[in-house]
Amino acid sequence: MSVELIKKPITLDEMTKKESVQVIKERDLIVPDGKPDLQTVMQLDGEVCIDQIDVTQDRIMYRGRINVCILYRTMGNSKCVYTMKSAIPVEDFVIVDGINKDQRVDFDCKIEHMAYNILNERKVNVKAIMCINVVATSCKDTTIITEIQAEGPIETKEEEIEIVSLCNEKEDKNIVKQELTVPSTKPCIDEIIKTAATIQDEQVKRTDSEVKYSGMIEVVTMYKVAGDSDDIEIVTHRVPFEGSIESPQEDDEMYWDCELSVEPSFMQVSPDYDGEDRIIECELSVTAKYCNYNKTTYDTISDVYCPGKKINTKEKVLDYMNLANKAHKAIPKKESIALEDDFGENAEIFSVSIKPTVEEKEYANDTLTLSGMLEIKILMLCKGEEMCEVQNVINVVPFSQEMEIGKISDKMYIDPSVDAKDVNIYAQTKKEVVLEYLLDCKVDVYEEALLKVLEEVDVEDMSKEEMDAYPSMTVYQVKKGDSLWNLAKRFNTTIKDIQELNDIDVSDNLKEGQKIIILKKVKF
């Protein structure tokens with residue numbers, strides 16, 4: 001009997017591979033010409049900028065730089081703060097066994113720690129510890145049998161498969177250009193010392209055709225006052241932004257996500273209409289990373305038999321990964337940070353950064369509890385009559401947050417991420433700073449599943465001896481786990497014949513202990 005298999009191609013995601021490494025980069029930085037000699041470093045920070053990533057077999061090669069900013073004082077001038085900017089080139093690779101260029105790779109690189117050593121008044125050695133996290137997901141293509149066409153009465157068992165996988169991944173860069181005016185209550189600018197930009201009041205909305213995002217960019221600028229004064233001032237501006245990513249919403253879309261970030265790409269001082277340097281021409285780069293996951297349902301034939309015929313099948317079992325659930329919760333928080341030193345009434349806060357680290361995950365009663373630490377860094381400008389200081393206040397506080405995520409099985413993997421957004425100064429005194437922020441918690445739950453796939457089906461005639469081995473009539477007592485399909489296949493008959501002989505409706509389930517009559521099918 002000839003058999004034709006109707007097959008359909010599908011794509012499955014394998015379980016992701018993760019790799020985390022620490023890399024140390026070091027370089028001697030020279031004080032630029034025109035800048036005074038360096039005596040004391042007041043503040044050092046850096047930011048990684050990756051320009052190129054190349055994926056080859058078992059390794060990821062990356063190239064970029066660490067943008068370094070040093071605030072320092074010079075000999076004999078304890079009031080003026082100078083800035084020195086430079087870069088440490090980065091070119092290295094990460095070994096990840098099994099990775100190749102066809103995989104989807106998420107590459108994240110951040111500064112874990114920075115240190116310096118003053119070599120002389122014109123040279124400083126800077127070391128940076130980078131933490132690199134790589135997540136690689138590979139896809140595998142296979143086929144499933146959706147229909148079997150044959151001359152004889154072949155019985156087939158259908159099974160529904162649900163595949164939830166990444167459908168689209170897009171990145172949109174929005175350049176925001178703005179002229180920021182220093183208020184008349186503030187003095188003119190001589191030189192920009194340091195700039196910080198953060199996103200506040202972000203709004204992300206999904207429509208039928210696109211993802212819209214908007215918010216405010218808070219730009220804080222520390223600058224040296226023009227003229228003979230060595231004073232330092234801080235000025236804050238808020239710049240609106242908005243953008244969109246075209247992405248038509250499909251009926252099978254299950255989850256979506258969009259993350260926003262901002263960095264200053266250009267800052268320059270310009271004169272206003274009166275010729276005073278009160279204008280800051282700035283370009284701010286807002287990056288929106290969007291992704292969505294779709295659920296695709298397939299009907300596949302998982303088993304087959306034919307009364308009176310021998311069926312030979314070839315099958316394989318594939319393991320794959322599904323995104324089972326995605327949870328998100330943003331909780332308003334308030335934190336009081338004690339100031340050990342008396343910074344005085346003239347202390348101003350330049351920037352506040354909060355870095356959460358998840359240390360424990362506990363699951364019970366459909367609830368996930370994330371626990372860890374928040375590293376809070378406050379950069380403060382302290383101005384006195386004889387001295388100007390830029391100091392870091394670092395505090396570490398614990399956090400714990402519960403999230404409803406539903407049922408979790410042993411074959412599921414929980415991937416949490418925690419971020420602090422909309423950080424604002426609620427109150428400030430000589431002894432403490434009170435902060436308000438949103439603790440933004442996201443959890444992805446991945447399930448490892450198995451898929452049995454039929455590859456080949458071959459039909460042969462039964463011999464008379466093989467046919468006679470089946471009993472002509474059987475009075476069968478249903479056992480736990482029995483189904484109409486299993487009994488029909490076992491006793492060489494059809495589900496329809498068992499139903500008609502025992503007056504069983506299609507919707508009826510077999511009950512344990514139930515007695516049914518089964519007749520061997522002798523005519524085909």
# chains A, B, ... in the order shown; residues from 1 in each chain; ligands from 1
$ closest_atom_pairs --of "segment 69-107 of chain A" --to "segment 18-32 of chain A" --cutoff "9 Å" --atoms "only C-alpha atoms" --output "tab-separated table"
residue	atom	partner	partner_atom	distance
A:Met84	CA	A:Val31	CA	6.8
A:Lys85	CA	A:Pro32	CA	8.6
A:Ser86	CA	A:Leu29	CA	7.0
A:Ala87	CA	A:Leu29	CA	8.2
A:Ile88	CA	A:Arg27	CA	6.4
A:Pro89	CA	A:Lys25	CA	8.5
A:Val90	CA	A:Lys25	CA	7.5
A:Val94	CA	A:Val21	CA	7.8
A:Ile95	CA	A:Glu19	CA	8.4
A:Val96	CA	A:Glu19	CA	6.7
$ write_last_selection --atoms "N, CA and C atoms" --output "PDB file, in the first residue's frame"
ATOM      1  N   MET A  84      39.432  65.738  32.729  1.00  0.00           N
ATOM      2  CA  MET A  84      40.323  65.124  31.746  1.00  0.00           C
ATOM      3  C   MET A  84      39.583  63.924  31.167  1.00  0.00           C
ATOM      4  N   LYS A  85      39.434  63.917  29.837  1.00  0.00           N
ATOM      5  CA  LYS A  85      38.720  62.826  29.177  1.00  0.00           C
ATOM      6  C   LYS A  85      39.668  62.097  28.228  1.00  0.00           C
ATOM      7  N   SER A  86      39.569  60.772  28.258  1.00  0.00           N
ATOM      8  CA  SER A  86      40.401  59.955  27.382  1.00  0.00           C
ATOM      9  C   SER A  86      39.666  58.643  27.112  1.00  0.00           C
ATOM     10  N   ALA A  87      40.350  57.721  26.454  1.00  0.00           N
ATOM     11  CA  ALA A  87      39.719  56.448  26.108  1.00  0.00           C
ATOM     12  C   ALA A  87      40.738  55.319  26.187  1.00  0.00           C
ATOM     13  N   ILE A  88      40.275  54.163  26.637  1.00  0.00           N
ATOM     14  CA  ILE A  88      41.082  52.942  26.652  1.00  0.00           C
ATOM     15  C   ILE A  88      40.548  52.029  25.552  1.00  0.00           C
ATOM     16  N   PRO A  89      41.356  51.700  24.547  1.00  0.00           N
ATOM     17  CA  PRO A  89      40.858  50.825  23.471  1.00  0.00           C
ATOM     18  C   PRO A  89      40.569  49.420  23.987  1.00  0.00           C
ATOM     19  N   VAL A  90      39.540  48.815  23.428  1.00  0.00           N
ATOM     20  CA  VAL A  90      39.117  47.465  23.819  1.00  0.00           C
ATOM     21  C   VAL A  90      39.052  46.609  22.562  1.00  0.00           C
ATOM     22  N   VAL A  94      35.612  36.457  23.674  1.00  0.00           N
ATOM     23  CA  VAL A  94      35.059  35.601  24.716  1.00  0.00           C
ATOM     24  C   VAL A  94      34.828  34.219  24.108  1.00  0.00           C
ATOM     25  N   ILE A  95      35.292  33.177  24.778  1.00  0.00           N
ATOM     26  CA  ILE A  95      35.090  31.809  24.303  1.00  0.00           C
ATOM     27  C   ILE A  95      33.769  31.274  24.847  1.00  0.00           C
ATOM     28  N   VAL A  96      32.908  30.848  23.950  1.00  0.00           N
ATOM     29  CA  VAL A  96      31.633  30.226  24.316  1.00  0.00           C
ATOM     30  C   VAL A  96      31.516  28.938  23.506  1.00  0.00           C
TER      31      VAL A  96
END
$ residues_around --residues "Asp303 of chain A" --least-positions-apart "2" --cutoff "7 Å" --atoms "only C-alpha atoms" --output "mmCIF file with all heavy atoms, in the first residue's frame"
data_model
loop_
_atom_site.group_PDB
_atom_site.id
_atom_site.type_symbol
_atom_site.label_atom_id
_atom_site.label_comp_id
_atom_site.auth_asym_id
_atom_site.auth_seq_id
_atom_site.Cartn_x
_atom_site.Cartn_y
_atom_site.Cartn_z
ATOM 1 N N THR A 156 -4.843 7.677 12.297
ATOM 2 C CA THR A 156 -3.801 8.606 12.745
ATOM 3 C C THR A 156 -4.228 9.302 14.035
ATOM 4 O O THR A 156 -5.414 9.579 14.254
ATOM 5 C CB THR A 156 -3.515 9.679 11.676
ATOM 6 O OG1 THR A 156 -4.731 10.384 11.376
ATOM 7 C CG2 THR A 156 -2.971 9.049 10.411
ATOM 8 N N LYS A 157 -3.232 9.587 14.857
ATOM 9 C CA LYS A 157 -3.453 10.318 16.117
ATOM 10 C C LYS A 157 -2.800 11.678 15.999
ATOM 11 O O LYS A 157 -1.592 11.777 15.756
ATOM 12 C CB LYS A 157 -2.855 9.544 17.296
ATOM 13 C CG LYS A 157 -3.055 10.221 18.646
ATOM 14 C CD LYS A 157 -2.404 9.404 19.749
ATOM 15 C CE LYS A 157 -2.589 10.064 21.103
ATOM 16 N NZ LYS A 157 -1.913 9.288 22.185
ATOM 17 N N ILE A 301 0.922 14.673 13.353
ATOM 18 C CA ILE A 301 0.559 13.269 13.567
ATOM 19 C C ILE A 301 1.655 12.637 14.406
ATOM 20 O O ILE A 301 2.815 12.548 13.981
ATOM 21 C CB ILE A 301 0.388 12.542 12.226
ATOM 22 C CG1 ILE A 301 -0.813 13.131 11.483
ATOM 23 C CG2 ILE A 301 0.220 11.044 12.438
ATOM 24 C CD1 ILE A 301 -1.031 12.558 10.113
#
$ residues_around --residues "Val55 of chain A" --least-positions-apart "3" --cutoff "12 Å" --atoms "only C-alpha atoms" --output "list in words"
Gln52, Asp58, Arg59, Ile60, Met61, Tyr62, Arg63, Phe93, Val94, Ile95, Val96, Asp97, Gly98, Ile99, Asn100, Lys101, Asp102, Gln103, Arg104, Val105, Asp106, Phe107, Val134 and Ala136 of chain A
$ write_last_selection --atoms "C-alpha atoms" --output "mmCIF file, in the first residue's frame"
data_model
loop_
_atom_site.group_PDB
_atom_site.id
_atom_site.type_symbol
_atom_site.label_atom_id
_atom_site.label_comp_id
_atom_site.auth_asym_id
_atom_site.auth_seq_id
_atom_site.Cartn_x
_atom_site.Cartn_y
_atom_site.Cartn_z
ATOM 1 C CA GLN A 52 31.695 45.942 16.582
ATOM 2 C CA ASP A 58 33.150 28.990 19.701
ATOM 3 C CA ARG A 59 34.063 32.646 20.208
ATOM 4 C CA ILE A 60 32.775 36.222 20.132
ATOM 5 C CA MET A 61 35.218 38.952 19.095
ATOM 6 C CA TYR A 62 34.443 42.505 20.182
ATOM 7 C CA ARG A 63 36.001 45.900 19.561
ATOM 8 C CA PHE A 93 37.230 37.843 22.533
ATOM 9 C CA VAL A 94 35.059 35.601 24.716
ATOM 10 C CA ILE A 95 35.090 31.809 24.303
ATOM 11 C CA VAL A 96 31.633 30.226 24.316
ATOM 12 C CA ASP A 97 31.608 26.517 23.482
ATOM 13 C CA GLY A 98 29.189 25.637 20.700
ATOM 14 C CA ILE A 99 28.425 29.180 19.584
ATOM 15 C CA ASN A 100 28.392 30.069 15.879
ATOM 16 C CA LYS A 101 27.442 32.964 13.612
ATOM 17 C CA ASP A 102 23.941 31.585 12.952
ATOM 18 C CA GLN A 103 22.885 31.941 16.593
ATOM 19 C CA ARG A 104 21.077 34.869 18.158
ATOM 20 C CA VAL A 105 23.564 36.549 20.518
ATOM 21 C CA ASP A 106 22.937 39.139 23.248
ATOM 22 C CA PHE A 107 26.197 40.811 24.299
ATOM 23 C CA VAL A 134 26.805 36.621 26.725
ATOM 24 C CA ALA A 136 23.330 32.768 22.863
#
$ closest_residue --among "A:Thr16, A:Val352, A:Lys309, A:Ile279" --to "Lys464 of chain A" --atoms "only C-alpha atoms"
A:Lys309
$ select_by_dssp --residues "segment 318-498 of chain A" --states "strand (DSSP E or B)" --output "ChimeraX atom specification"
/A:318-338,348-364,367-383,388-404,412-428,432-461,473-477
$ atom_distance --atom1 "atom CA of Ile518 of chain A" --atom2 "atom CA of Tyr476 of chain A"
7.2 Å
$ atom_distance --atom1 "atom CA of Ile414 of chain A" --atom2 "atom CA of Thr56 of chain A"
28.3 Å
$ residues_around --residues "segment 480-494 of chain A" --least-positions-apart "5" --cutoff "7 Å" --atoms "only C-alpha atoms" --output "list in words"
Tyr305, Pro307, Gly308, Tyr470, Leu510, Glu512, Lys520 and Lys521 of chain A
$ decode --residues "segment 416-429 of chain A" --atoms "all heavy atoms" --output "tab-separated table (two decimals), in the first residue's frame"
chain	number	residue	atom	x	y	z
A	416	PRO	N	15.44	36.37	35.97
A	416	PRO	CA	14.96	37.67	36.45
A	416	PRO	C	15.92	38.79	36.08
A	416	PRO	O	17.10	38.58	35.84
A	416	PRO	CB	14.91	37.47	37.97
A	416	PRO	CG	16.07	36.56	38.24
A	416	PRO	CD	16.22	35.67	37.01
A	417	SER	N	15.38	40.01	36.02
A	417	SER	CA	16.20	41.21	35.87
A	417	SER	C	15.54	42.33	36.67
A	417	SER	O	14.32	42.46	36.68
A	417	SER	CB	16.34	41.62	34.40
A	417	SER	OG	15.09	41.98	33.86
A	418	VAL	N	16.37	43.12	37.34
A	418	VAL	CA	15.88	44.20	38.20
A	418	VAL	C	16.61	45.47	37.84
A	418	VAL	O	17.84	45.48	37.65
A	418	VAL	CB	16.07	43.87	39.70
A	418	VAL	CG1	15.54	45.00	40.57
A	418	VAL	CG2	15.38	42.56	40.06
A	419	ASP	N	15.87	46.58	37.74
A	419	ASP	CA	16.46	47.86	37.40
A	419	ASP	C	15.79	48.94	38.27
A	419	ASP	O	14.67	48.75	38.77
A	419	ASP	CB	16.26	48.17	35.92
A	419	ASP	CG	17.12	49.34	35.45
A	419	ASP	OD1	18.01	49.75	36.21
A	419	ASP	OD2	16.87	49.83	34.34
A	420	ALA	N	16.48	50.04	38.46
A	420	ALA	CA	15.92	51.19	39.19
A	420	ALA	C	15.68	52.32	38.21
A	420	ALA	O	16.59	52.74	37.50
A	420	ALA	CB	16.87	51.64	40.30
A	421	LYS	N	14.44	52.80	38.15
A	421	LYS	CA	14.06	53.84	37.20
A	421	LYS	C	13.46	55.04	37.95
A	421	LYS	O	13.04	54.93	39.09
A	421	LYS	CB	13.07	53.30	36.18
A	421	LYS	CG	13.61	52.20	35.31
A	421	LYS	CD	12.59	51.77	34.25
A	421	LYS	CE	13.17	50.73	33.31
A	421	LYS	NZ	12.18	50.33	32.26
A	422	ASP	N	13.40	56.16	37.22
A	422	ASP	CA	12.80	57.40	37.75
A	422	ASP	C	13.36	57.75	39.14
A	422	ASP	O	12.62	58.02	40.09
A	422	ASP	CB	11.28	57.28	37.83
A	422	ASP	CG	10.63	57.31	36.46
A	422	ASP	OD1	11.36	57.53	35.48
A	422	ASP	OD2	9.42	57.10	36.37
A	423	VAL	N	14.70	57.75	39.25
A	423	VAL	CA	15.34	58.08	40.52
A	423	VAL	C	15.28	59.59	40.74
A	423	VAL	O	15.74	60.37	39.92
A	423	VAL	CB	16.81	57.60	40.53
A	423	VAL	CG1	17.46	57.91	41.88
A	423	VAL	CG2	16.88	56.11	40.23
A	424	ASN	N	14.68	59.99	41.87
A	424	ASN	CA	14.54	61.41	42.21
A	424	ASN	C	14.96	61.65	43.65
A	424	ASN	O	14.87	60.76	44.50
A	424	ASN	CB	13.09	61.87	42.01
A	424	ASN	CG	12.70	61.97	40.55
A	424	ASN	OD1	13.32	62.69	39.79
A	424	ASN	ND2	11.69	61.21	40.16
A	425	ILE	N	15.41	62.87	43.92
A	425	ILE	CA	15.77	63.27	45.29
A	425	ILE	C	14.52	63.80	45.96
A	425	ILE	O	13.97	64.83	45.56
A	425	ILE	CB	16.87	64.32	45.27
A	425	ILE	CG1	18.10	63.79	44.54
A	425	ILE	CG2	17.24	64.74	46.69
A	425	ILE	CD1	19.12	64.84	44.19
A	426	TYR	N	14.05	63.09	46.97
A	426	TYR	CA	12.85	63.49	47.70
A	426	TYR	C	13.17	64.57	48.74
A	426	TYR	O	12.43	65.54	48.90
A	426	TYR	CB	12.22	62.27	48.37
A	426	TYR	CG	10.99	62.57	49.20
A	426	TYR	CD1	9.78	62.83	48.58
A	426	TYR	CD2	11.07	62.60	50.59
A	426	TYR	CE1	8.64	63.11	49.34
A	426	TYR	CE2	9.95	62.89	51.35
A	426	TYR	CZ	8.73	63.14	50.72
A	426	TYR	OH	7.62	63.41	51.48
A	427	ALA	N	14.27	64.40	49.45
A	427	ALA	CA	14.67	65.37	50.47
A	427	ALA	C	16.16	65.25	50.71
A	427	ALA	O	16.77	64.20	50.48
A	427	ALA	CB	13.90	65.13	51.77
A	428	GLN	N	16.77	66.35	51.17
A	428	GLN	CA	18.20	66.36	51.45
A	428	GLN	C	18.49	67.25	52.64
A	428	GLN	O	18.03	68.39	52.73
A	428	GLN	CB	18.98	66.87	50.23
A	428	GLN	CG	20.49	66.96	50.45
A	428	GLN	CD	21.22	67.56	49.25
A	428	GLN	OE1	20.63	67.79	48.21
A	428	GLN	NE2	22.51	67.81	49.41
A	429	THR	N	19.24	66.69	53.60
A	429	THR	CA	19.69	67.45	54.77
A	429	THR	C	21.20	67.25	54.90
A	429	THR	O	21.84	66.60	54.05
A	429	THR	CB	18.99	66.98	56.06
A	429	THR	OG1	19.38	65.62	56.35
A	429	THR	CG2	17.47	67.03	55.89
